[in-house]
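Student: Pasting a structure here, questions to come.
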Amino acid sequence: MTVGILLMTHEAMGRALVSAAHHVLGALPLPVDVQEIAPDADPERMLRAAASNARELDRGNGVLVLTDLYGATPCNIARRLPDLGVRMHCVSGLNLPMLLRVLNYPEQSLEELAQTAASGGRGGIVIDTP
Amino acid sequence: MLERDITITNRLGLHARASAKLVQALHEFQSSATIVCRGKEVNAKSIMGVMMLAAGLGTPLTLRTDGVDEEAAMQAMVELFERKFDEGA
């Protein structure tokens, strides 16, 4: 089972997270790509580019799209991907724990990986009381 | 089930890269693997579980493995700690 991972984020977020994941894990066990959406980007053009990225990432088991902020433009574009025939699940609230946890379960299906992403993102938030 | 007490000796402790190495090393074993730290028990095959220990240099840990290949899994874990995760310090 190889699910493709597409990060759709505001500028500079996605690449920085992937760079940190490389630092921690070395080689990444799943195909990962990043699409950052600039503030002045044309949403229709970005949607087509995202669909093209997603198709390249899809090895037959779908694509997990991770977006940084629910309801923001990168996420809103991502949520339209199924209209273009992309088989995907979208999980928002992307953070480094979410990305690392996803990459630690490369054998999971798209549905399982979406749950893994959500629990990883939530579980990475810790209040450290002195 | 096997159990072994060790102390973290690498300078950065169970930081992100060390945790990832531990999880990756254990991936090939069927046995379950857990780390107990300050009374908290986590799955040693879960990167976020291991990181949540926030265990630094000098922290005492109890390692546990349980299953068909528990000896090999324990050896792999102990070796990583003893080699200081190949970090040199």
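Ligands are numbered from 1 in the order shown, chains are lettered A, B, ... in the order of the structure tokens, and residues start at 1 in each chain.
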Residues of chain A classed as strand (DSSP E or B) by DSSP on the backbone are to be reported as a PyMOL selection string.

Tutor: chain A and resi 4-10+32-37+63-67+88-92

Student: Please produce a file of those selected residues containing C-alpha atoms, as a short mmCIF file (atom, residue, chain, number, x, y, z; two decimals), in the first residue's frame.

Tutor:
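To be explicit, this is the file written out as again_31.cif:
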data_model
loop_
_atom_site.label_atom_id
_atom_site.label_comp_id
_atom_site.auth_asym_id
_atom_site.auth_seq_id
_atom_site.Cartn_x
_atom_site.Cartn_y
_atom_site.Cartn_z
CA GLY A 4 0.96 9.64 -2.02
CA ILE A 5 1.28 12.61 0.34
CA LEU A 6 0.56 16.12 -0.96
CA LEU A 7 1.11 19.09 1.31
CA MET A 8 -0.97 22.13 0.32
CA THR A 9 -0.06 25.12 2.42
CA HIS A 10 0.53 28.84 2.63
CA VAL A 32 5.76 13.40 -0.91
CA ASP A 33 5.19 16.63 -2.83
CA VAL A 34 4.44 20.18 -1.79
CA GLN A 35 2.23 22.82 -3.31
CA GLU A 36 2.45 26.20 -1.67
CA ILE A 37 -0.21 28.72 -2.59
CA VAL A 63 -3.45 10.65 -2.15
CA LEU A 64 -3.53 12.07 1.37
CA VAL A 65 -3.67 15.86 1.15
CA LEU A 66 -2.45 17.68 4.25
CA THR A 67 -3.34 21.36 4.51
CA MET A 88 -8.01 11.72 -1.91
CA HIS A 89 -8.66 12.38 1.75
CA CYS A 90 -7.84 15.82 3.09
CA VAL A 91 -6.69 16.43 6.66
CA SER A 92 -6.24 20.00 7.92
#

Student: Output the contact residues of chain A with respect to chain B at a cut-off of 12 Å, based on only C-alpha atoms, as a PyMOL selection string.

Tutor: chain A and resi 20-29+96-107+116-117+119-128

Student: Output the selection as a CSV table (one decimal), in the first residue's frame - N, CA and C atoms for each residue.

Tutor:
chain,number,residue,atom,x,y,z
A,20,ALA,N,12.2,19.5,7.4
A,20,ALA,CA,12.4,19.0,8.8
A,20,ALA,C,12.2,17.5,8.9
A,21,ALA,N,11.2,17.0,8.1
A,21,ALA,CA,10.9,15.5,8.1
A,21,ALA,C,12.1,14.8,7.5
A,22,HIS,N,12.8,15.3,6.5
A,22,HIS,CA,14.0,14.7,5.9
A,22,HIS,C,15.1,14.7,7.0
A,23,HIS,N,15.2,15.8,7.8
A,23,HIS,CA,16.2,15.9,8.8
A,23,HIS,C,16.0,14.8,9.8
A,24,VAL,N,14.8,14.5,10.2
A,24,VAL,CA,14.5,13.5,11.3
A,24,VAL,C,14.5,12.1,10.7
A,25,LEU,N,14.0,11.9,9.6
A,25,LEU,CA,13.8,10.5,9.1
A,25,LEU,C,14.8,10.0,8.1
A,26,GLY,N,15.5,11.0,7.5
A,26,GLY,CA,16.4,10.6,6.3
A,26,GLY,C,15.5,10.4,5.1
A,27,ALA,N,15.6,9.3,4.4
A,27,ALA,CA,14.8,9.0,3.3
A,27,ALA,C,13.3,8.9,3.7
A,28,LEU,N,12.4,9.5,2.9
A,28,LEU,CA,11.0,9.4,3.3
A,28,LEU,C,10.4,8.1,2.6
A,29,PRO,N,9.6,7.4,3.4
A,29,PRO,CA,9.1,6.1,2.9
A,29,PRO,C,7.9,6.2,2.0
A,96,LEU,N,4.2,19.4,12.2
A,96,LEU,CA,5.3,18.4,12.1
A,96,LEU,C,5.0,17.0,12.7
A,97,PRO,N,4.4,17.0,13.9
A,97,PRO,CA,4.0,15.7,14.4
A,97,PRO,C,3.1,14.9,13.5
A,98,MET,N,2.1,15.6,12.9
A,98,MET,CA,1.2,14.9,11.9
A,98,MET,C,2.0,14.3,10.8
A,99,LEU,N,2.9,15.1,10.2
A,99,LEU,CA,3.7,14.6,9.0
A,99,LEU,C,4.5,13.4,9.4
A,100,LEU,N,5.2,13.6,10.6
A,100,LEU,CA,6.1,12.5,11.0
A,100,LEU,C,5.3,11.2,11.3
A,101,ARG,N,4.2,11.3,11.9
A,101,ARG,CA,3.4,10.2,12.2
A,101,ARG,C,2.9,9.5,10.9
A,102,VAL,N,2.4,10.3,10.0
A,102,VAL,CA,2.0,9.7,8.7
A,102,VAL,C,3.1,8.9,8.1
A,103,LEU,N,4.3,9.5,8.1
A,103,LEU,CA,5.5,8.8,7.4
A,103,LEU,C,6.0,7.6,8.2
A,104,ASN,N,5.5,7.4,9.4
A,104,ASN,CA,5.9,6.3,10.2
A,104,ASN,C,4.9,5.1,10.0
A,105,TYR,N,3.9,5.3,9.2
A,105,TYR,CA,2.9,4.2,8.9
A,105,TYR,C,2.7,4.1,7.4
A,106,PRO,N,3.8,3.8,6.7
A,106,PRO,CA,3.7,3.8,5.2
A,106,PRO,C,2.9,2.7,4.6
A,107,GLU,N,2.6,1.7,5.5
A,107,GLU,CA,1.8,0.5,5.0
A,107,GLU,C,0.3,0.7,5.0
A,116,THR,N,-4.6,8.4,11.1
A,116,THR,CA,-3.3,8.5,11.7
A,116,THR,C,-2.8,9.9,11.7
A,117,ALA,N,-3.1,10.6,10.6
A,117,ALA,CA,-2.6,12.0,10.5
A,117,ALA,C,-3.3,12.8,11.6
A,119,SER,N,-4.8,12.0,14.4
A,119,SER,CA,-4.4,11.7,15.8
A,119,SER,C,-3.0,12.2,16.1
A,120,GLY,N,-2.1,12.1,15.1
A,120,GLY,CA,-0.7,12.5,15.2
A,120,GLY,C,-0.7,14.0,15.4
A,121,GLY,N,-1.5,14.8,14.7
A,121,GLY,CA,-1.5,16.2,14.8
A,121,GLY,C,-2.0,16.7,16.1
A,122,ARG,N,-3.1,16.0,16.6
A,122,ARG,CA,-3.7,16.4,17.9
A,122,ARG,C,-2.7,16.0,19.0
A,123,GLY,N,-2.2,14.7,18.9
A,123,GLY,CA,-1.3,14.2,20.0
A,123,GLY,C,0.0,15.0,20.2
A,124,GLY,N,0.4,15.7,19.1
A,124,GLY,CA,1.6,16.5,19.2
A,124,GLY,C,1.5,17.7,20.0
A,125,ILE,N,0.3,18.1,20.4
A,125,ILE,CA,0.1,19.3,21.1
A,125,ILE,C,0.1,19.0,22.6
A,126,VAL,N,1.1,19.5,23.3
A,126,VAL,CA,1.3,19.2,24.7
A,126,VAL,C,1.4,20.4,25.5
A,127,ILE,N,0.7,20.5,26.6
A,127,ILE,CA,0.9,21.6,27.6
A,127,ILE,C,1.8,21.1,28.6
A,128,ASP,N,3.0,21.8,28.7
A,128,ASP,CA,4.0,21.4,29.7
A,128,ASP,C,3.9,22.3,30.9

Student: Which residues, written as a PyMOL selection string, have at least one atom at most 7 Å from range 74-88 of chain B, with only C-alpha atoms counted and residues fewer than 5 positions away on the same chain left out?

Tutor: chain B and resi 8-10+18+22+25+65

Student: Under the rule that only C-alpha atoms are counted, which of B:Leu12, B:Arg64, B:Ala89, B:Ala73 is the nearest residue to Val42 in chain B?

Tutor: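 Going through B:Leu12, B:Arg64, B:Ala89, B:Ala73 one by one, the smallest distance to Val42 in chain B is for B:Arg64.
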
Student: Considering only alpha helix (DSSP H) as DSSP defines it on the backbone, what residues of chain B qualify? List them as a list in words.

Tutor: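 Listing alpha helix (DSSP H) positions across chain B yields Ala16, Arg17, Ala18, Ser19, Ala20, Lys21, Leu22, Val23, Gln24, Ala25, Leu26, Ile47, Met48, Gly49, Val50, Met51, Glu70, Glu71, Ala72, Ala73, Met74, Gln75, Ala76, Met77, Val78, Glu79, Leu80, Phe81 and Glu82 of chain B.
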